[in-house]
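Below is the file final.tsv, which contains TSV, N, CA and C atoms.
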```tsv
chain	number	residue	atom	x	y	z
A	1	MET	N	6.74	-21.29	71.46
A	1	MET	CA	6.60	-20.44	70.31
A	1	MET	C	5.64	-21.11	69.33
A	2	ASP	N	4.65	-20.38	68.89
A	2	ASP	CA	3.72	-20.88	67.88
A	2	ASP	C	4.20	-20.41	66.51
A	3	ILE	N	4.34	-21.35	65.59
A	3	ILE	CA	4.80	-21.04	64.24
A	3	ILE	C	3.73	-21.49	63.26
A	4	THR	N	3.29	-20.55	62.44
A	4	THR	CA	2.35	-20.85	61.38
A	4	THR	C	2.92	-20.27	60.10
A	5	HIS	N	2.83	-21.01	59.01
A	5	HIS	CA	3.35	-20.48	57.75
A	5	HIS	C	2.49	-20.94	56.58
A	6	ALA	N	2.59	-20.19	55.52
A	6	ALA	CA	1.92	-20.52	54.27
A	6	ALA	C	2.90	-20.22	53.15
A	7	GLN	N	2.72	-20.85	52.01
A	7	GLN	CA	3.63	-20.65	50.91
A	7	GLN	C	2.89	-20.57	49.60
A	8	LEU	N	3.16	-19.51	48.84
A	8	LEU	CA	2.63	-19.35	47.50
A	8	LEU	C	3.76	-18.90	46.60
A	9	PRO	N	3.97	-19.47	45.45
A	9	PRO	CA	3.28	-20.65	44.93
A	9	PRO	C	3.60	-21.88	45.75
A	10	PRO	N	2.87	-22.96	45.50
A	10	PRO	CA	3.11	-24.19	46.28
A	10	PRO	C	4.56	-24.67	46.16
A	11	ARG	N	4.99	-25.41	47.15
A	11	ARG	CA	6.37	-25.91	47.24
A	11	ARG	C	6.83	-26.58	45.94
A	12	ALA	N	5.97	-27.36	45.33
A	12	ALA	CA	6.34	-28.08	44.11
A	12	ALA	C	6.63	-27.15	42.94
A	13	GLU	N	6.15	-25.92	43.00
A	13	GLU	CA	6.32	-24.96	41.90
A	13	GLU	C	7.31	-23.85	42.25
A	14	SER	N	8.06	-24.02	43.32
A	14	SER	CA	8.90	-22.93	43.83
A	14	SER	C	10.23	-23.45	44.35
A	15	ALA	N	11.22	-22.56	44.39
A	15	ALA	CA	12.50	-22.89	45.02
A	15	ALA	C	12.56	-22.33	46.43
A	16	ASP	N	11.46	-21.78	46.91
A	16	ASP	CA	11.37	-21.26	48.27
A	16	ASP	C	11.04	-22.40	49.22
A	17	ARG	N	11.62	-22.36	50.40
A	17	ARG	CA	11.39	-23.42	51.38
A	17	ARG	C	11.20	-22.83	52.77
A	18	VAL	N	10.33	-23.46	53.55
A	18	VAL	CA	10.11	-23.09	54.95
A	18	VAL	C	10.27	-24.37	55.77
A	19	PHE	N	11.09	-24.29	56.81
A	19	PHE	CA	11.31	-25.41	57.73
A	19	PHE	C	11.07	-24.89	59.14
A	20	THR	N	10.56	-25.75	60.00
A	20	THR	CA	10.33	-25.33	61.39
A	20	THR	C	10.80	-26.42	62.35
A	21	THR	N	11.12	-25.97	63.55
A	21	THR	CA	11.35	-26.85	64.69
A	21	THR	C	10.43	-26.31	65.78
A	22	PRO	N	10.34	-26.95	66.91
A	22	PRO	CA	9.49	-26.41	67.97
A	22	PRO	C	9.90	-24.99	68.42
A	23	ARG	N	11.16	-24.61	68.20
A	23	ARG	CA	11.64	-23.30	68.66
A	23	ARG	C	12.26	-22.44	67.57
A	24	ALA	N	12.13	-22.84	66.30
A	24	ALA	CA	12.77	-22.06	65.24
A	24	ALA	C	11.98	-22.13	63.94
A	25	ALA	N	12.17	-21.10	63.13
A	25	ALA	CA	11.65	-21.07	61.77
A	25	ALA	C	12.79	-20.70	60.84
A	26	VAL	N	12.87	-21.39	59.72
A	26	VAL	CA	13.91	-21.17	58.72
A	26	VAL	C	13.22	-20.94	57.38
A	27	VAL	N	13.55	-19.83	56.72
A	27	VAL	CA	12.99	-19.50	55.41
A	27	VAL	C	14.14	-19.38	54.43
A	28	LEU	N	14.04	-20.09	53.31
A	28	LEU	CA	15.07	-20.04	52.27
A	28	LEU	C	14.41	-19.63	50.96
A	29	ASP	N	15.08	-18.76	50.23
A	29	ASP	CA	14.63	-18.32	48.91
A	29	ASP	C	15.70	-18.76	47.91
A	30	GLY	N	15.48	-19.93	47.33
A	30	GLY	CA	16.46	-20.49	46.41
A	30	GLY	C	16.56	-19.67	45.13
A	31	ALA	N	17.78	-19.53	44.62
A	31	ALA	CA	18.03	-18.77	43.40
A	31	ALA	C	18.82	-19.63	42.42
A	32	THR	N	18.43	-19.58	41.17
A	32	THR	CA	19.12	-20.37	40.16
A	32	THR	C	20.50	-19.79	39.89
A	33	ALA	N	21.38	-20.63	39.39
A	33	ALA	CA	22.74	-20.20	39.04
A	33	ALA	C	22.71	-19.36	37.77
A	34	PHE	N	23.71	-18.50	37.61
A	34	PHE	CA	23.81	-17.69	36.40
A	34	PHE	C	24.17	-18.54	35.19
A	35	THR	N	24.88	-19.63	35.44
A	35	THR	CA	25.22	-20.57	34.38
A	35	THR	C	24.43	-21.85	34.59
A	36	PRO	N	24.20	-22.62	33.53
A	36	PRO	CA	23.45	-23.87	33.71
A	36	PRO	C	24.09	-24.75	34.79
A	37	SER	N	23.25	-25.34	35.62
A	37	SER	CA	23.72	-26.15	36.73
A	37	SER	C	22.90	-27.43	36.82
A	38	ALA	N	23.55	-28.51	37.19
A	38	ALA	CA	22.85	-29.78	37.33
A	38	ALA	C	21.96	-29.79	38.57
A	39	VAL	N	22.23	-28.88	39.52
A	39	VAL	CA	21.47	-28.83	40.76
A	39	VAL	C	20.51	-27.65	40.72
A	40	SER	N	19.24	-27.92	40.88
A	40	SER	CA	18.25	-26.84	40.85
A	40	SER	C	18.29	-26.03	42.14
A	41	ALA	N	17.75	-24.82	42.07
A	41	ALA	CA	17.66	-23.97	43.25
A	41	ALA	C	16.80	-24.63	44.32
A	42	ALA	N	15.75	-25.32	43.90
A	42	ALA	CA	14.87	-26.00	44.86
A	42	ALA	C	15.62	-27.10	45.60
A	43	THR	N	16.43	-27.87	44.88
A	43	THR	CA	17.21	-28.93	45.51
A	43	THR	C	18.23	-28.35	46.47
A	44	TYR	N	18.92	-27.30	46.05
A	44	TYR	CA	19.91	-26.65	46.91
A	44	TYR	C	19.26	-26.15	48.20
A	45	ALA	N	18.14	-25.43	48.07
A	45	ALA	CA	17.44	-24.90	49.24
A	45	ALA	C	16.92	-26.03	50.13
A	46	ASP	N	16.46	-27.10	49.51
A	46	ASP	CA	15.96	-28.25	50.28
A	46	ASP	C	17.06	-28.88	51.13
A	47	VAL	N	18.19	-29.18	50.52
A	47	VAL	CA	19.30	-29.82	51.25
A	47	VAL	C	19.82	-28.88	52.34
A	48	LEU	N	20.02	-27.61	51.99
A	48	LEU	CA	20.50	-26.64	52.97
A	48	LEU	C	19.52	-26.48	54.13
A	49	GLY	N	18.25	-26.35	53.83
A	49	GLY	CA	17.25	-26.17	54.88
A	49	GLY	C	17.11	-27.38	55.78
A	50	ARG	N	17.15	-28.56	55.19
A	50	ARG	CA	17.04	-29.78	56.01
A	50	ARG	C	18.25	-29.93	56.94
A	51	ARG	N	19.44	-29.63	56.43
A	51	ARG	CA	20.63	-29.74	57.27
A	51	ARG	C	20.62	-28.70	58.38
A	52	LEU	N	20.27	-27.46	58.04
A	52	LEU	CA	20.23	-26.40	59.03
A	52	LEU	C	19.19	-26.72	60.11
A	53	THR	N	18.04	-27.20	59.71
A	53	THR	CA	17.01	-27.57	60.67
A	53	THR	C	17.47	-28.71	61.57
A	54	HIS	N	18.17	-29.68	60.99
A	54	HIS	CA	18.74	-30.79	61.77
A	54	HIS	C	19.68	-30.25	62.85
A	55	LEU	N	20.58	-29.34	62.46
A	55	LEU	CA	21.52	-28.78	63.44
A	55	LEU	C	20.81	-27.96	64.51
A	56	LEU	N	19.80	-27.21	64.13
A	56	LEU	CA	19.05	-26.41	65.11
A	56	LEU	C	18.34	-27.31	66.12
A	57	ARG	N	17.87	-28.46	65.67
A	57	ARG	CA	17.21	-29.40	66.59
A	57	ARG	C	18.22	-30.06	67.51
A	58	SER	N	19.37	-30.46	66.96
A	58	SER	CA	20.33	-31.23	67.75
A	58	SER	C	21.25	-30.36	68.59
A	59	GLU	N	21.42	-29.09	68.21
A	59	GLU	CA	22.30	-28.18	68.95
A	59	GLU	C	21.50	-26.90	69.25
A	60	SER	N	20.55	-27.02	70.14
A	60	SER	CA	19.56	-25.96	70.35
A	60	SER	C	20.12	-24.62	70.78
A	61	SER	N	21.33	-24.58	71.33
A	61	SER	CA	21.89	-23.30	71.75
A	61	SER	C	23.11	-22.90	70.91
A	62	ALA	N	23.37	-23.63	69.84
A	62	ALA	CA	24.54	-23.34	69.00
A	62	ALA	C	24.39	-22.00	68.28
A	63	ASP	N	25.52	-21.40	67.97
A	63	ASP	CA	25.57	-20.14	67.23
A	63	ASP	C	24.90	-20.31	65.87
A	64	LEU	N	23.96	-19.42	65.53
A	64	LEU	CA	23.24	-19.54	64.27
A	64	LEU	C	24.16	-19.44	63.06
A	65	ALA	N	25.11	-18.50	63.09
A	65	ALA	CA	26.04	-18.36	61.96
A	65	ALA	C	26.89	-19.62	61.80
A	66	GLY	N	27.30	-20.21	62.90
A	66	GLY	CA	28.07	-21.45	62.84
A	66	GLY	C	27.25	-22.60	62.26
A	67	CYS	N	26.00	-22.69	62.67
A	67	CYS	CA	25.11	-23.72	62.12
A	67	CYS	C	24.90	-23.53	60.62
A	68	LEU	N	24.72	-22.27	60.20
A	68	LEU	CA	24.53	-22.00	58.77
A	68	LEU	C	25.81	-22.33	58.00
A	69	SER	N	26.94	-21.93	58.51
A	69	SER	CA	28.21	-22.22	57.84
A	69	SER	C	28.41	-23.73	57.66
A	70	ALA	N	28.18	-24.47	58.73
A	70	ALA	CA	28.31	-25.94	58.66
A	70	ALA	C	27.30	-26.52	57.67
A	71	SER	N	26.11	-25.96	57.62
A	71	SER	CA	25.08	-26.45	56.71
A	71	SER	C	25.44	-26.17	55.26
A	72	ILE	N	26.03	-25.01	54.99
A	72	ILE	CA	26.47	-24.69	53.63
A	72	ILE	C	27.59	-25.64	53.22
A	73	GLU	N	28.55	-25.86	54.10
A	73	GLU	CA	29.64	-26.79	53.79
A	73	GLU	C	29.10	-28.19	53.49
A	74	TYR	N	28.14	-28.64	54.30
A	74	TYR	CA	27.52	-29.95	54.08
A	74	TYR	C	26.83	-29.99	52.72
A	75	THR	N	26.07	-28.95	52.40
A	75	THR	CA	25.30	-28.90	51.16
A	75	THR	C	26.23	-28.90	49.94
A	76	VAL	N	27.29	-28.12	49.99
A	76	VAL	CA	28.27	-28.08	48.90
A	76	VAL	C	28.86	-29.47	48.66
A	77	ALA	N	29.24	-30.15	49.72
A	77	ALA	CA	29.81	-31.49	49.60
A	77	ALA	C	28.76	-32.50	49.12
A	78	GLU	N	27.59	-32.44	49.70
A	78	GLU	CA	26.52	-33.39	49.36
A	78	GLU	C	26.11	-33.29	47.89
A	79	LEU	N	26.03	-32.05	47.38
A	79	LEU	CA	25.57	-31.84	46.01
A	79	LEU	C	26.73	-31.71	45.01
A	80	ASP	N	27.96	-31.71	45.52
A	80	ASP	CA	29.15	-31.60	44.68
A	80	ASP	C	29.07	-30.36	43.78
A	81	VAL	N	28.88	-29.20	44.41
A	81	VAL	CA	28.78	-27.93	43.68
A	81	VAL	C	29.94	-27.02	44.09
A	82	CYS	N	30.16	-25.97	43.29
A	82	CYS	CA	31.22	-25.02	43.61
A	82	CYS	C	30.68	-23.60	43.51
A	83	ALA	N	31.34	-22.70	44.20
A	83	ALA	CA	30.92	-21.30	44.23
A	83	ALA	C	30.91	-20.72	42.82
A	84	GLY	N	29.86	-19.97	42.53
A	84	GLY	CA	29.74	-19.31	41.23
A	84	GLY	C	29.13	-20.17	40.15
A	85	GLY	N	29.09	-21.46	40.35
A	85	GLY	CA	28.54	-22.35	39.33
A	85	GLY	C	27.38	-23.17	39.82
A	86	ALA	N	26.72	-22.70	40.85
A	86	ALA	CA	25.63	-23.48	41.43
A	86	ALA	C	24.51	-22.57	41.90
A	87	ALA	N	23.42	-23.18	42.21
A	87	ALA	CA	22.29	-22.44	42.79
A	87	ALA	C	22.74	-21.88	44.14
A	88	SER	N	21.93	-20.97	44.67
A	88	SER	CA	22.22	-20.38	45.97
A	88	SER	C	20.89	-20.14	46.68
A	89	SER	N	20.97	-19.53	47.84
A	89	SER	CA	19.74	-19.27	48.59
A	89	SER	C	19.96	-18.18	49.62
A	90	THR	N	18.95	-17.35	49.78
A	90	THR	CA	18.94	-16.49	50.95
A	90	THR	C	18.50	-17.36	52.12
A	91	VAL	N	18.82	-16.92	53.33
A	91	VAL	CA	18.44	-17.69	54.52
A	91	VAL	C	18.02	-16.71	55.61
A	92	SER	N	16.88	-16.97	56.21
A	92	SER	CA	16.45	-16.22	57.39
A	92	SER	C	16.07	-17.23	58.47
A	93	VAL	N	16.58	-17.00	59.68
A	93	VAL	CA	16.32	-17.90	60.80
A	93	VAL	C	15.87	-17.09	62.00
A	94	VAL	N	14.82	-17.55	62.65
A	94	VAL	CA	14.40	-16.99	63.93
A	94	VAL	C	14.32	-18.17	64.90
A	95	ARG	N	15.01	-18.02	66.04
A	95	ARG	CA	15.02	-19.09	67.05
A	95	ARG	C	14.72	-18.50	68.41
A	96	GLU	N	13.80	-19.12	69.10
A	96	GLU	CA	13.46	-18.73	70.47
A	96	GLU	C	14.31	-19.54	71.44
A	97	THR	N	14.94	-18.85	72.38
A	97	THR	CA	15.64	-19.53	73.46
A	97	THR	C	14.88	-19.22	74.75
A	98	GLU	N	15.41	-19.66	75.86
A	98	GLU	CA	14.71	-19.44	77.13
A	98	GLU	C	14.52	-17.96	77.44
A	99	HIS	N	15.52	-17.12	77.09
A	99	HIS	CA	15.46	-15.71	77.46
A	99	HIS	C	15.54	-14.74	76.28
A	100	THR	N	15.83	-15.24	75.09
A	100	THR	CA	16.02	-14.34	73.95
A	100	THR	C	15.39	-14.90	72.69
A	101	VAL	N	15.41	-14.07	71.67
A	101	VAL	CA	15.07	-14.50	70.32
A	101	VAL	C	16.30	-14.21	69.47
A	102	ASP	N	16.83	-15.24	68.83
A	102	ASP	CA	18.01	-15.10	67.97
A	102	ASP	C	17.54	-15.00	66.53
A	103	VAL	N	18.19	-14.11	65.77
A	103	VAL	CA	17.82	-13.91	64.37
A	103	VAL	C	19.08	-13.92	63.52
A	104	LEU	N	18.99	-14.56	62.36
A	104	LEU	CA	20.06	-14.54	61.37
A	104	LEU	C	19.43	-14.23	60.02
A	105	VAL	N	20.04	-13.31	59.28
A	105	VAL	CA	19.57	-12.97	57.95
A	105	VAL	C	20.76	-13.00	57.00
A	106	LEU	N	20.67	-13.80	55.94
A	106	LEU	CA	21.70	-13.87	54.91
A	106	LEU	C	21.01	-13.61	53.57
A	107	GLY	N	21.34	-12.50	52.95
A	107	GLY	CA	20.72	-12.15	51.68
A	107	GLY	C	19.54	-11.23	51.87
A	108	ASP	N	18.67	-11.20	50.89
A	108	ASP	CA	17.60	-10.21	50.86
A	108	ASP	C	16.24	-10.72	51.35
A	109	SER	N	16.24	-11.56	52.33
A	109	SER	CA	14.99	-12.03	52.96
A	109	SER	C	14.94	-11.50	54.39
A	110	PRO	N	14.31	-10.34	54.60
A	110	PRO	CA	14.32	-9.72	55.93
A	110	PRO	C	13.47	-10.50	56.94
A	111	VAL	N	13.73	-10.21	58.20
A	111	VAL	CA	12.93	-10.75	59.30
A	111	VAL	C	12.30	-9.56	60.01
A	112	VAL	N	11.00	-9.65	60.27
A	112	VAL	CA	10.29	-8.60	60.99
A	112	VAL	C	9.89	-9.16	62.34
A	113	VAL	N	10.31	-8.47	63.41
A	113	VAL	CA	10.02	-8.90	64.78
A	113	VAL	C	9.18	-7.82	65.45
A	114	HIS	N	8.03	-8.22	65.95
A	114	HIS	CA	7.16	-7.31	66.68
A	114	HIS	C	7.34	-7.52	68.17
A	115	THR	N	7.58	-6.44	68.90
A	115	THR	CA	7.63	-6.50	70.36
A	115	THR	C	6.52	-5.62	70.89
A	116	THR	N	6.37	-5.58	72.19
A	116	THR	CA	5.31	-4.73	72.76
A	116	THR	C	5.61	-3.26	72.54
A	117	GLU	N	6.90	-2.90	72.37
A	117	GLU	CA	7.26	-1.50	72.19
A	117	GLU	C	7.32	-1.05	70.74
A	118	LYS	N	7.82	-1.92	69.85
A	118	LYS	CA	7.98	-1.50	68.46
A	118	LYS	C	8.18	-2.69	67.53
A	119	THR	N	8.27	-2.39	66.26
A	119	THR	CA	8.53	-3.39	65.24
A	119	THR	C	9.96	-3.20	64.74
A	120	HIS	N	10.69	-4.30	64.66
A	120	HIS	CA	12.08	-4.28	64.20
A	120	HIS	C	12.16	-5.03	62.87
A	121	THR	N	12.79	-4.43	61.88
A	121	THR	CA	13.04	-5.11	60.62
A	121	THR	C	14.54	-5.37	60.53
A	122	LEU	N	14.91	-6.62	60.46
A	122	LEU	CA	16.32	-7.00	60.42
A	122	LEU	C	16.66	-7.42	58.99
A	123	VAL	N	17.70	-6.80	58.45
A	123	VAL	CA	18.09	-7.06	57.07
A	123	VAL	C	19.59	-7.29	56.97
A	124	ASP	N	19.99	-7.95	55.92
A	124	ASP	CA	21.39	-8.08	55.56
A	124	ASP	C	21.64	-7.01	54.50
A	125	ASP	N	22.24	-5.90	54.90
A	125	ASP	CA	22.41	-4.78	53.99
A	125	ASP	C	23.76	-4.76	53.27
A	126	ARG	N	24.49	-5.84	53.35
A	126	ARG	CA	25.82	-5.87	52.72
A	126	ARG	C	25.76	-5.70	51.22
A	127	LEU	N	24.67	-6.15	50.58
A	127	LEU	CA	24.55	-6.01	49.13
A	127	LEU	C	24.35	-4.55	48.72
A	128	ASP	N	23.83	-3.73	49.64
A	128	ASP	CA	23.60	-2.32	49.37
A	128	ASP	C	24.86	-1.47	49.53
A	129	ARG	N	25.88	-2.01	50.12
A	129	ARG	CA	27.11	-1.23	50.36
A	129	ARG	C	28.03	-1.24	49.17
```
Translate this file's structure into structure tokens.
Amino acid sequence: MDITHAQLPPRAESADRVFTTPRAAVVLDGATAFTPSAVSAATYADVLGRRLTHLLRSESSADLAGCLSASIEYTVAELDVCAGGAASSTVSVVRETEHTVDVLVLGDSPVVVHTTEKTHTLVDDRLDR
């Protein structure tokens, strides 16, 4: 799988993060907390993305939702934050396996997959319900 990405604004000016492995791409859109927080959205997205990428590399066939859940638990403990009082992040993951492409979308960062037959847009529509 060939992965190419670009980011605007630059990483240093944004809470958005892109991480890649040879077989996966992870995009995070960090969001600041509603209340003042010692942990920035950029830091939260950075720690979460690095942990998720680590798990994707070391457990190449593991369930994406399980990897994300473990990564969130790690990030919460590492940064000593609690729900509702900390930054957050959307997460989109695309991983190529030998026979499939796995996709995970959490939040409002869709994934668009082009096949020879059609284009698929995968979204997390739970916020719309």
### Query
Looking at A:Arg51, A:Arg17, A:Arg129, A:Arg11, which one is nearest to Gly30 (chain A), with distances taken over all atoms listed in the file?
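Among the listed residues, the smallest separation from Gly30 (chain A) belongs to A:Arg17.
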### Task
Could you pull out the residues in region 48-115 of chain A that DSSP calls strand (DSSP E or B) from the backbone, as a PyMOL selection string?
chain A and resi 88-96+101-106+111-114
### Message
For Val111 (chain A), find every residue with an atom within 6.5 Å (counting only N, CA and C atoms), except residues of its own chain fewer than 3 positions away, and show them as a ChimeraX atom specification.
### Response
/A:105,120-123
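Computed from the coordinates, the atom C of Ala6 (chain A) to atom C of Thr20 (chain A) distance equals 13.6 Å.
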### Task
Give me, please, the distance in Å between atom C of Arg23 (chain A) and CA of Asp102 (chain A), quoted to one decimal.
9.3 Å
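Excluding Cys67 (chain A) itself and any same-chain residue fewer than 5 positions from it, the protein and nucleic acid residues within 8 Å of it, counting all atoms listed in the file, are Arg51, Leu52, Thr53, Leu55, Leu56, Ala62, Ile72 and Glu73 of chain A.
With only N, CA and C atoms as the atoms that count, the residue of A:Ala38, A:Thr100, A:Val112, A:Arg95 with the shortest distance to Ala24 (chain A) is A:Arg95.
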### Task
Find the residues around Ala87 (chain A) up to 6 Å (only N, CA and C atoms counted), leave out those fewer than 5 positions away in its own chain, and share them as a VMD selection string.
chain A and resid 31 to 33 39 to 41
### Task
Would you work out the distance separating CA of Arg57 (chain A) from CA of Thr116 (chain A), expressed in Å to one decimal?
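Answer for the CA of Arg57 (chain A) to CA of Thr116 (chain A) separation: 28.1 Å.
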### Task
Give the answer as one residue: which of A:Thr21, A:Ser109, A:Thr115, A:Ser69 has the shortest atom-to-atom distance to Thr90 (chain A), using all atoms listed in the file?
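Looking only at the distances to Thr90 (chain A), the closest residue turns out to be A:Ser109.
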### Task
Can you work out which one of A:Glu98, A:Leu68, A:Ala12, A:Phe19 has the shortest atom-to-atom distance to Arg50 (chain A), counting all atoms listed in the file?
A:Phe19
Please report, as lines of an AutoDock Vina configuration file, the centre and edge lengths in Å to one decimal of an axis-aligned box covering all listed atoms of region 11-29 of chain A with 3 Å per side.
```
center_x = 10.3
center_y = -23.2
center_z = 55.3
size_x = 16.7
size_y = 15.8
size_z = 32.8
```
### Query
Using only N, CA and C atoms, which of A:Leu28, A:Leu106, A:Ala86, A:Leu8 sits nearest Asp46 (chain A)?
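Of A:Leu28, A:Leu106, A:Ala86, A:Leu8, the one nearest Asp46 (chain A), counting only N, CA and C atoms, is A:Leu28.
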### Task
Give the answer as one residue: which of A:Ser37, A:Gln7, A:Thr97, A:Ser92 has the shortest atom-to-atom distance to Asp124 (chain A), using only C-alpha atoms?
A:Ser92
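The shell of residues at most 9 Å from Val47 (chain A), with only C-alpha atoms counted and near chain neighbours (fewer than 4 positions) removed, consists of Ala42, Thr43, Arg51, Leu52, Ser71, Tyr74, Thr75, Glu78 and Leu79 of chain A.
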Suppose we keep N, CA and C atoms; can you now write the selection as a short mmCIF file (atom, residue, chain, number, x, y, z; two decimals), in the coordinates of the input?
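Result went into selection_27.cif, see below:
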```cif
data_model
loop_
_atom_site.label_atom_id
_atom_site.label_comp_id
_atom_site.auth_asym_id
_atom_site.auth_seq_id
_atom_site.Cartn_x
_atom_site.Cartn_y
_atom_site.Cartn_z
N ALA A 42 15.75 -25.32 43.90
CA ALA A 42 14.87 -26.00 44.86
C ALA A 42 15.62 -27.10 45.60
N THR A 43 16.43 -27.87 44.88
CA THR A 43 17.21 -28.93 45.51
C THR A 43 18.23 -28.35 46.47
N ARG A 51 19.44 -29.63 56.43
CA ARG A 51 20.63 -29.74 57.27
C ARG A 51 20.62 -28.70 58.38
N LEU A 52 20.27 -27.46 58.04
CA LEU A 52 20.23 -26.40 59.03
C LEU A 52 19.19 -26.72 60.11
N SER A 71 26.11 -25.96 57.62
CA SER A 71 25.08 -26.45 56.71
C SER A 71 25.44 -26.17 55.26
N TYR A 74 28.14 -28.64 54.30
CA TYR A 74 27.52 -29.95 54.08
C TYR A 74 26.83 -29.99 52.72
N THR A 75 26.07 -28.95 52.40
CA THR A 75 25.30 -28.90 51.16
C THR A 75 26.23 -28.90 49.94
N GLU A 78 27.59 -32.44 49.70
CA GLU A 78 26.52 -33.39 49.36
C GLU A 78 26.11 -33.29 47.89
N LEU A 79 26.03 -32.05 47.38
CA LEU A 79 25.57 -31.84 46.01
C LEU A 79 26.73 -31.71 45.01
#
```
### Query
If you run DSSP on this backbone, which residues of region 19-73 of chain A come out as alpha helix (DSSP H), and could you give them as a ChimeraX atom specification?
/A:41-58,64-73
Go ahead and write the selection's residues with N, CA and C atoms as a short mmCIF file (atom, residue, chain, number, x, y, z; two decimals), in the frame of the given file.
```cif
data_model
loop_
_atom_site.label_atom_id
_atom_site.label_comp_id
_atom_site.auth_asym_id
_atom_site.auth_seq_id
_atom_site.Cartn_x
_atom_site.Cartn_y
_atom_site.Cartn_z
N ALA A 41 17.75 -24.82 42.07
CA ALA A 41 17.66 -23.97 43.25
C ALA A 41 16.80 -24.63 44.32
N ALA A 42 15.75 -25.32 43.90
CA ALA A 42 14.87 -26.00 44.86
C ALA A 42 15.62 -27.10 45.60
N THR A 43 16.43 -27.87 44.88
CA THR A 43 17.21 -28.93 45.51
C THR A 43 18.23 -28.35 46.47
N TYR A 44 18.92 -27.30 46.05
CA TYR A 44 19.91 -26.65 46.91
C TYR A 44 19.26 -26.15 48.20
N ALA A 45 18.14 -25.43 48.07
CA ALA A 45 17.44 -24.90 49.24
C ALA A 45 16.92 -26.03 50.13
N ASP A 46 16.46 -27.10 49.51
CA ASP A 46 15.96 -28.25 50.28
C ASP A 46 17.06 -28.88 51.13
N VAL A 47 18.19 -29.18 50.52
CA VAL A 47 19.30 -29.82 51.25
C VAL A 47 19.82 -28.88 52.34
N LEU A 48 20.02 -27.61 51.99
CA LEU A 48 20.50 -26.64 52.97
C LEU A 48 19.52 -26.48 54.13
N GLY A 49 18.25 -26.35 53.83
CA GLY A 49 17.25 -26.17 54.88
C GLY A 49 17.11 -27.38 55.78
N ARG A 50 17.15 -28.56 55.19
CA ARG A 50 17.04 -29.78 56.01
C ARG A 50 18.25 -29.93 56.94
N ARG A 51 19.44 -29.63 56.43
CA ARG A 51 20.63 -29.74 57.27
C ARG A 51 20.62 -28.70 58.38
N LEU A 52 20.27 -27.46 58.04
CA LEU A 52 20.23 -26.40 59.03
C LEU A 52 19.19 -26.72 60.11
N THR A 53 18.04 -27.20 59.71
CA THR A 53 17.01 -27.57 60.67
C THR A 53 17.47 -28.71 61.57
N HIS A 54 18.17 -29.68 60.99
CA HIS A 54 18.74 -30.79 61.77
C HIS A 54 19.68 -30.25 62.85
N LEU A 55 20.58 -29.34 62.46
CA LEU A 55 21.52 -28.78 63.44
C LEU A 55 20.81 -27.96 64.51
N LEU A 56 19.80 -27.21 64.13
CA LEU A 56 19.05 -26.41 65.11
C LEU A 56 18.34 -27.31 66.12
N ARG A 57 17.87 -28.46 65.67
CA ARG A 57 17.21 -29.40 66.59
C ARG A 57 18.22 -30.06 67.51
N SER A 58 19.37 -30.46 66.96
CA SER A 58 20.33 -31.23 67.75
C SER A 58 21.25 -30.36 68.59
N LEU A 64 23.96 -19.42 65.53
CA LEU A 64 23.24 -19.54 64.27
C LEU A 64 24.16 -19.44 63.06
N ALA A 65 25.11 -18.50 63.09
CA ALA A 65 26.04 -18.36 61.96
C ALA A 65 26.89 -19.62 61.80
N GLY A 66 27.30 -20.21 62.90
CA GLY A 66 28.07 -21.45 62.84
C GLY A 66 27.25 -22.60 62.26
N CYS A 67 26.00 -22.69 62.67
CA CYS A 67 25.11 -23.72 62.12
C CYS A 67 24.90 -23.53 60.62
N LEU A 68 24.72 -22.27 60.20
CA LEU A 68 24.53 -22.00 58.77
C LEU A 68 25.81 -22.33 58.00
N SER A 69 26.94 -21.93 58.51
CA SER A 69 28.21 -22.22 57.84
C SER A 69 28.41 -23.73 57.66
N ALA A 70 28.18 -24.47 58.73
CA ALA A 70 28.31 -25.94 58.66
C ALA A 70 27.30 -26.52 57.67
N SER A 71 26.11 -25.96 57.62
CA SER A 71 25.08 -26.45 56.71
C SER A 71 25.44 -26.17 55.26
N ILE A 72 26.03 -25.01 54.99
CA ILE A 72 26.47 -24.69 53.63
C ILE A 72 27.59 -25.64 53.22
N GLU A 73 28.55 -25.86 54.10
CA GLU A 73 29.64 -26.79 53.79
C GLU A 73 29.10 -28.19 53.49
#
```
